[in-house]
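A.B. asks: Below is the structure I would like to discuss, written out as structure tokens.
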Amino acid sequence: SPVSWARRCVYVSGLKVGVWSAAERHNWFADDAETIMHWNERPTGQHMELGIAETNLVGLIGELGATWSRWGQPLLPIGVLYDPFVERALEPWSYGIYAGGQSILVGTPSGVTLAAEGGAHQSIKTPSIGLEQPGCVSYEPGFAIDVEWTLLASLARLGRPDGTSAYLRLSTRPVDQTLAAVPTDPAARERRRRQVVAGGYPIRRRDNAQVTIVAMGAMITESLAAADRLETSGVPADVLCITSPGLLFEAWQARQGRDSGETWILDQLFPTERATPMVTVLDGHPHTLAFLAGINRVRSTHLGVSRFGQVGSLDDVYRYHGIDTDSIVTAALDILP
């Protein structure tokens, strides 16, 4: 999982370069032959140990992210924490962005997909935070290749006068990567990459589609399954995979003359000739994607999480919140003309 991977990187970092400390500290376990990792703390150390303290983490990456303007030496700071704890760190993180610190914050695991750990660790509002935070581009990719492309794009935006911070909301849920159907043709693959970075892409188009299912993050699995079932019932469905509702909202504002951004991604995702009733679904508050129905002014239903979580199997928890395959199918049939 991304969290386990991040922790291993932290341990290896502390082992290889040492832990920074204002003064050298005695390592009481240095003579323990069974200790694999020696946590040596000294002024020459390069790893900073913060403990379980989210505000310390975002404070540090905010300061590291400001070196480009203060000393002309851009850094690429990345902080990883539990997604629900983004709210705990929100004020210092937001202030760091306001003060010019450009960094990447990764929240994972996220949503009620983290069912086994109970309601306290299930984030609901964080997609909205990413959408609404100024100076920050938020992504919630559904596939590994989308994570790669959005992370690289986020790194490219750091340490620049016109740069921005980024927030990646990730999940540790296993997802069948073949569902991404990444084009093999180089030109088509590059088009997909540009769409992913710009906010989303059509993952399935059907002739004479009667409904559009718009999914984000981990919910792409249930959305494609729902489209399969609808098709067997004679209701072909388009499926769109959203990677950044914030970028799509900015594009929509630009189309209305309220911003100066590009709008091409809206033409590729929501062409007027393919406008159909829309079902949106994400593992987060449903209002995050609700604005998409206004692009072509179509009938819509918005599925998501608006209650505190429960412990249970993934199927049971999704059913409880109405974001399972059955709920998507029912919502699609209900809004058909």
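Starting from 1 in every chain, residues are counted up; chains themselves are A, B, ... following the order of the structure tokens, and ligands are numbered from 1 as listed.
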Using DSSP assignments from the backbone, pull out every residue in range 106-135 of chain A that falls under alpha helix (DSSP H) and give it to me as a list in words.
C.D. replies: Thr126, Pro127, Ser128, Ile129, Gly130, Leu131 and Glu132 of chain A
A.B. asks: Give me the residues within 7 Å of range 153-169 of chain A as a list in words, counting only C-alpha atoms and dropping any in the same chain fewer than 6 places off.
C.D. replies: Gly65, Trp68, Pro74, Leu75, Leu76, Asp83, Ile97, Gln102, Ser103, Ile104, Leu105, Val106, Gly107, Thr108, Ser110, Gly130, Gly135, Cys136, Val137, Ser138, Tyr139, Glu140 and Val197 of chain A
A.B. asks: Filtering to C-alpha atoms, could you give me those residues as a PDB file, in the first residue's frame?
C.D. replies:
ATOM      1  CA  GLY A  65       8.403  24.290  -0.487  1.00  0.00           C
ATOM      2  CA  TRP A  68      12.602  28.356  -4.467  1.00  0.00           C
ATOM      3  CA  PRO A  74      13.617  24.662  -5.410  1.00  0.00           C
ATOM      4  CA  LEU A  75      12.869  21.473  -3.509  1.00  0.00           C
ATOM      5  CA  LEU A  76      10.189  18.851  -4.164  1.00  0.00           C
ATOM      6  CA  ASP A  83      -6.472  11.110   4.437  1.00  0.00           C
ATOM      7  CA  ILE A  97       0.344  27.471   0.571  1.00  0.00           C
ATOM      8  CA  GLN A 102       4.704  24.687  -2.873  1.00  0.00           C
ATOM      9  CA  SER A 103       4.484  21.047  -1.851  1.00  0.00           C
ATOM     10  CA  ILE A 104       2.595  17.807  -2.455  1.00  0.00           C
ATOM     11  CA  LEU A 105       0.330  16.311   0.191  1.00  0.00           C
ATOM     12  CA  VAL A 106      -0.761  12.688  -0.233  1.00  0.00           C
ATOM     13  CA  GLY A 107      -3.781  11.493   1.733  1.00  0.00           C
ATOM     14  CA  THR A 108      -4.122   7.724   1.882  1.00  0.00           C
ATOM     15  CA  SER A 110      -9.209   7.469   2.079  1.00  0.00           C
ATOM     16  CA  GLY A 130      -9.045  19.632  -2.409  1.00  0.00           C
ATOM     17  CA  GLY A 135      -3.197  27.522  -4.798  1.00  0.00           C
ATOM     18  CA  CYS A 136      -3.561  23.754  -4.908  1.00  0.00           C
ATOM     19  CA  VAL A 137      -4.433  21.257  -7.635  1.00  0.00           C
ATOM     20  CA  SER A 138      -6.184  18.178  -6.254  1.00  0.00           C
ATOM     21  CA  TYR A 139      -6.272  14.731  -7.836  1.00  0.00           C
ATOM     22  CA  GLU A 140      -8.049  11.495  -6.998  1.00  0.00           C
ATOM     23  CA  VAL A 197      -3.659  15.561 -15.935  1.00  0.00           C
TER      24      VAL A 197
END
A.B. asks: According to DSSP computed on the backbone, where in range 34-257 of chain A is there strand (DSSP E)? Give the residues as a PyMOL selection string.
C.D. replies: chain A and resi 41-42+78-81+104-107+136-139+165-169+200-204+211-216+237-242
A.B. asks: Show me, as JSON, numbers by chain, the residues that have an atom within 8 Å of Thr221 in chain A when counting only C-alpha atoms, minus same-chain residues fewer than 6 positions from it.
C.D. replies: {"A": [175, 176, 179]}
A.B. asks: Emit the selected residues as a CSV table (one decimal), in the first residue's frame, including N, CA and C atoms.
C.D. replies:
chain,number,residue,atom,x,y,z
A,175,VAL,N,-7.4,-2.6,-7.3
A,175,VAL,CA,-8.3,-2.3,-8.5
A,175,VAL,C,-7.7,-3.0,-9.7
A,176,ASP,N,-8.5,-3.7,-10.5
A,176,ASP,CA,-8.1,-4.4,-11.7
A,176,ASP,C,-7.5,-3.4,-12.7
A,179,LEU,N,-8.8,-2.6,-16.3
A,179,LEU,CA,-10.0,-1.8,-16.6
A,179,LEU,C,-9.7,-0.4,-17.1
A.B. asks: Find the residues around Pro236 in chain A up to 12 Å (only C-alpha atoms counted), leave out those fewer than 3 positions away in its own chain, and share them as a ChimeraX atom specification.
C.D. replies: /A:204-213,224,226-233,239,276,329,332-333,336
A.B. asks: Would you mind telling me which residue in A:Thr35, A:Ser171, A:Gln73, A:Ser123 lies nearest to Met219 in chain A when using only C-alpha atoms?
C.D. replies: A:Ser171
A.B. asks: Using only C-alpha atoms, which of A:Pro43, A:Gly294, A:Gly200, A:Gly118 sits nearest Leu248 in chain A?
C.D. replies: A:Gly200
A.B. asks: Which polymer residues have any atom within 7 Å of an atom of Ile335 in chain A, counting only C-alpha atoms, with same-chain residues fewer than 4 positions away left out, as a list in words?
C.D. replies: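 Close residues of Ile335 in chain A: Pro277, Arg299, Ser300 and Ala331 of chain A.
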A.B. asks: Using Å and a single decimal, report how far CA of Trp264 in chain A sits from CA of Ala251 in chain A.
C.D. replies: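 Computing the Euclidean distance for CA of Ala251 in chain A and CA of Trp264 in chain A yields 8.0 Å.
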A.B. asks: Per residue of range 121-146 of chain A within 12 Å of range 308-326 of chain A, what are the shortest atom pair and its distance in Å to one decimal, counting only C-alpha atoms, with rows by chain and residue number, as a tab-separated table?
C.D. replies:
residue	atom	partner	partner_atom	distance
A:His121	CA	A:Gly309	CA	8.5
A:Gln122	CA	A:Gly309	CA	6.3
A:Ser123	CA	A:Gly309	CA	8.6
A:Ile124	CA	A:Phe308	CA	8.0
A:Lys125	CA	A:Phe308	CA	10.9
A.B. asks: Check the smallest atom-to-atom distance from each of A:Gly257, A:Pro202, A:Gly217, A:Pro337 to Pro271 in chain A using only C-alpha atoms, then report the winner.
C.D. replies: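 Among the listed residues, the smallest separation from Pro271 in chain A belongs to A:Pro202.
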A.B. asks: Hey, which of A:Ala215, A:Ile265, A:Ile328, A:Ala23 ends up closest to Ala290 in chain A? Count only C-alpha atoms.
C.D. replies: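 Among A:Ala215, A:Ile265, A:Ile328, A:Ala23, it is A:Ala215 that comes nearest to Ala290 in chain A.
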A.B. asks: Which residue, A:Thr126, A:Thr67, A:Thr150, A:Thr172, has the smallest gap to Leu114 in chain A when you use only C-alpha atoms?
C.D. replies: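 Counting only C-alpha atoms, the residue closest to Leu114 in chain A is A:Thr172.
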A.B. asks: Please determine, counting only C-alpha atoms, which residue among A:Ala180, A:Ala22, A:Val17, A:Val196 has the shortest atom-to-atom distance to His38 in chain A.
C.D. replies: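 Of A:Ala180, A:Ala22, A:Val17, A:Val196, the one nearest His38 in chain A, counting only C-alpha atoms, is A:Val17.
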